[in-house]
Amino acid sequence: MSTSSSKSHMAISLANNCISTLSIFIIFLLLQFLSITEAQSSICRNSCGDIPIQYPFGIDDGCGSPFYRHILVCTGGQLQLRTPSGRYPVRNLSYIDPHILVTDPLMWNCLDGDNFRPTRPFSLDTSTHFTLSSENDYLFFNCSESDVLVEPKPMFCERFPDQCDSTCDSSSYLCRHMPECPTALRSSSCCSYYPKATESLRLMLKHCASYTSVYWRNLGSTPAFDQAPEYGIRVDFDIPVTTRCLQCQDTVKGGGTCGFDIETQDFLCLCDKGNSTTYCNDRMSSHRRGVVAGTATAVSVAGAFGIGAGVWYLKKLRAKALVTHGVQTNENRLF
């Protein structure tokens, strides 16, 4: 076999390998592109573990209201609330009586008894639509009486609580009847105090061994016995109701999911066939394809561009490939 013939076979083999590799790459891009555009209807998860996730919350970026963006995190089926002081497991989330019930593993519990572990003050971001519920009571243990005013509150404090704000009540009902474990404290003191701000809570913890939070759970029974104390922190939240979100959720108009553009935070209705600025069945509205509101459109365009460029290059490569019969010329020769 001549040297030129051997080079021709090597060139043909190299060209075929390049074409096969590029074909596989184009098919991979095409599958990625299709999976991106078809995943729109399931991008917003509606639960984390056994806790339902509804508007205004979202655990996927671009879902729910932008006011609560990055507030809830779902990790391994466990829903957590993010605050400046840390992440807290969510025990319950109610949309009828809007509130989140969280627990703080560092707070005192019945198993601790007279053994107090290091803790941290719970805090909320004041720029969010969250507020600490007035149904929370805070119990402080082994406070220094030289730094904290610990004494029984007089009866008139029930009618004029503002005049007794600085007192940590040593005769409170909860201190005398600890929920779930009335005899847990044997040699430690207890007093009840409601801090009006995070800084007040920090100052209290400087002079007290530990603390815990008790909230009053509504039982829905007769008014005299309609609440029961339980350990936890109740955080109230607002539900921003907008006409656009109600139209988006209306099943007659397509039954979409309320979301937002993650770049501009403008409202978007997330639908099976893409994103709408109004509602899913609005033919006059501008629809955008993609997964995550605001960025998936760019991903889809980039994917289409990449596929188009690959097809163009494949055609160009085939046009320049060596012929396997006839006369070879300088125009189709690779080597």
# chains A, B, ... in the order shown; residues from 1 in each chain; ligands from 1

call {"tool": "select_by_dssp", "arguments": {"residues": "region 41-287 of chain A", "states": "strand (DSSP E)", "output": "PyMOL selection string"}}
result
chain A and resi 47-48+51-52+72-75+78-83+86-94+99-102+130-132+136-141+150-151+168-169+190-192+210-218+227-231+233-237+257-260+267-271+274-276+287

call {"tool": "closest_residue", "arguments": {"among": "A:Asn115, A:Gln247, A:Asn109, A:Thr131", "to": "Cys181 (chain A)", "atoms": "only C-alpha atoms"}}
result
A:Asn109

call {"tool": "closest_residue", "arguments": {"among": "A:Tyr279, A:Phe140, A:Phe156, A:Phe122", "to": "Thr251 (chain A)", "atoms": "only C-alpha atoms"}}
result
A:Tyr279

call {"tool": "residues_around", "arguments": {"residues": "His129 (chain A)", "least_positions_apart": "6", "cutoff": "10 Å", "atoms": "only C-alpha atoms", "output": "PyMOL selection string"}}
result
chain A and resi 67-68+236-240

call {"tool": "closest_residue", "arguments": {"among": "A:Cys157, A:Leu270, A:Ile43, A:Leu139", "to": "Trp108 (chain A)", "atoms": "only C-alpha atoms"}}
result
A:Leu139

call {"tool": "residues_around", "arguments": {"residues": "Glu145 (chain A)", "least_positions_apart": "5", "cutoff": "10 Å", "atoms": "only C-alpha atoms", "output": "ChimeraX atom specification"}}
result
/A:150-151,168,207-208

call {"tool": "write_last_selection", "arguments": {"atoms": "C-alpha atoms", "output": "PDB file, in the first residue's frame"}}
result
ATOM      1  CA  VAL A 150     -36.906  39.015  89.610  1.00  0.00           C
ATOM      2  CA  GLU A 151     -40.045  39.274  91.729  1.00  0.00           C
ATOM      3  CA  CYS A 168     -39.257  38.962  85.353  1.00  0.00           C
ATOM      4  CA  HIS A 207     -27.425  37.209  83.359  1.00  0.00           C
ATOM      5  CA  CYS A 208     -29.459  33.965  83.163  1.00  0.00           C
TER       6      CYS A 208
END

call {"tool": "decode", "arguments": {"residues": "region 48-60 of chain A", "atoms": "all heavy atoms", "output": "short mmCIF file (atom, residue, chain, number, x, y, z; two decimals), in the first residue's frame"}}
result
data_model
loop_
_atom_site.label_atom_id
_atom_site.label_comp_id
_atom_site.auth_asym_id
_atom_site.auth_seq_id
_atom_site.Cartn_x
_atom_site.Cartn_y
_atom_site.Cartn_z
N CYS A 48 -42.60 19.56 51.79
CA CYS A 48 -41.28 19.16 52.30
C CYS A 48 -41.55 18.22 53.45
O CYS A 48 -42.06 18.65 54.50
CB CYS A 48 -40.46 20.37 52.75
SG CYS A 48 -38.83 19.93 53.42
N GLY A 49 -41.27 16.95 53.27
CA GLY A 49 -41.69 15.97 54.26
C GLY A 49 -43.21 15.90 54.25
O GLY A 49 -43.83 15.76 53.20
N ASP A 50 -43.82 16.07 55.41
CA ASP A 50 -45.29 16.07 55.50
C ASP A 50 -45.85 17.47 55.68
O ASP A 50 -47.03 17.64 56.02
CB ASP A 50 -45.75 15.17 56.64
CG ASP A 50 -45.18 15.61 57.99
OD1 ASP A 50 -44.32 16.50 58.01
OD2 ASP A 50 -45.58 15.04 59.02
N ILE A 51 -45.04 18.50 55.44
CA ILE A 51 -45.49 19.88 55.59
C ILE A 51 -45.79 20.46 54.21
O ILE A 51 -44.90 20.50 53.35
CB ILE A 51 -44.45 20.74 56.31
CG1 ILE A 51 -44.18 20.20 57.72
CG2 ILE A 51 -44.89 22.20 56.37
CD1 ILE A 51 -43.15 20.98 58.50
N PRO A 52 -47.03 20.90 53.95
CA PRO A 52 -47.37 21.47 52.63
C PRO A 52 -46.72 22.83 52.42
O PRO A 52 -46.62 23.64 53.36
CB PRO A 52 -48.90 21.58 52.68
CG PRO A 52 -49.23 21.70 54.13
CD PRO A 52 -48.20 20.88 54.86
N ILE A 53 -46.26 23.08 51.20
CA ILE A 53 -45.66 24.37 50.84
C ILE A 53 -46.61 25.06 49.87
O ILE A 53 -46.83 24.59 48.75
CB ILE A 53 -44.28 24.19 50.20
CG1 ILE A 53 -43.35 23.39 51.13
CG2 ILE A 53 -43.66 25.54 49.88
CD1 ILE A 53 -43.09 24.04 52.46
N GLN A 54 -47.18 26.16 50.29
CA GLN A 54 -48.11 26.93 49.48
C GLN A 54 -47.68 28.39 49.44
O GLN A 54 -46.79 28.81 50.20
CB GLN A 54 -49.54 26.81 50.04
CG GLN A 54 -50.06 25.39 50.18
CD GLN A 54 -51.41 25.33 50.88
OE1 GLN A 54 -52.08 26.36 51.08
NE2 GLN A 54 -51.83 24.15 51.27
N TYR A 55 -48.33 29.15 48.56
CA TYR A 55 -48.09 30.59 48.51
C TYR A 55 -48.41 31.18 49.89
O TYR A 55 -49.41 30.79 50.50
CB TYR A 55 -48.97 31.22 47.43
CG TYR A 55 -48.75 32.71 47.24
CD1 TYR A 55 -47.74 33.17 46.41
CD2 TYR A 55 -49.56 33.63 47.88
CE1 TYR A 55 -47.52 34.52 46.24
CE2 TYR A 55 -49.36 34.99 47.71
CZ TYR A 55 -48.34 35.43 46.89
OH TYR A 55 -48.12 36.76 46.72
N PRO A 56 -47.59 32.06 50.43
CA PRO A 56 -46.55 32.84 49.78
C PRO A 56 -45.14 32.23 49.83
O PRO A 56 -44.18 32.88 49.47
CB PRO A 56 -46.57 34.14 50.59
CG PRO A 56 -46.89 33.68 51.98
CD PRO A 56 -47.85 32.54 51.81
N PHE A 57 -45.03 30.97 50.30
CA PHE A 57 -43.71 30.38 50.47
C PHE A 57 -43.31 29.55 49.25
O PHE A 57 -44.15 29.12 48.45
CB PHE A 57 -43.67 29.50 51.72
CG PHE A 57 -43.89 30.26 53.00
CD1 PHE A 57 -45.01 30.02 53.78
CD2 PHE A 57 -42.98 31.22 53.41
CE1 PHE A 57 -45.21 30.72 54.95
CE2 PHE A 57 -43.18 31.94 54.58
CZ PHE A 57 -44.30 31.68 55.35
N GLY A 58 -42.04 29.32 49.14
CA GLY A 58 -41.49 28.46 48.10
C GLY A 58 -40.13 27.95 48.57
O GLY A 58 -39.38 28.68 49.22
N ILE A 59 -39.85 26.70 48.25
CA ILE A 59 -38.54 26.14 48.61
C ILE A 59 -37.66 26.00 47.38
O ILE A 59 -36.54 25.49 47.46
CB ILE A 59 -38.69 24.78 49.32
CG1 ILE A 59 -39.57 23.83 48.51
CG2 ILE A 59 -39.26 24.97 50.71
CD1 ILE A 59 -39.73 22.46 49.14
N ASP A 60 -38.17 26.46 46.21
CA ASP A 60 -37.40 26.51 44.98
C ASP A 60 -37.36 27.96 44.52
O ASP A 60 -38.39 28.66 44.56
CB ASP A 60 -38.02 25.63 43.90
CG ASP A 60 -38.08 24.17 44.32
OD1 ASP A 60 -37.01 23.56 44.43
OD2 ASP A 60 -39.19 23.66 44.56
#
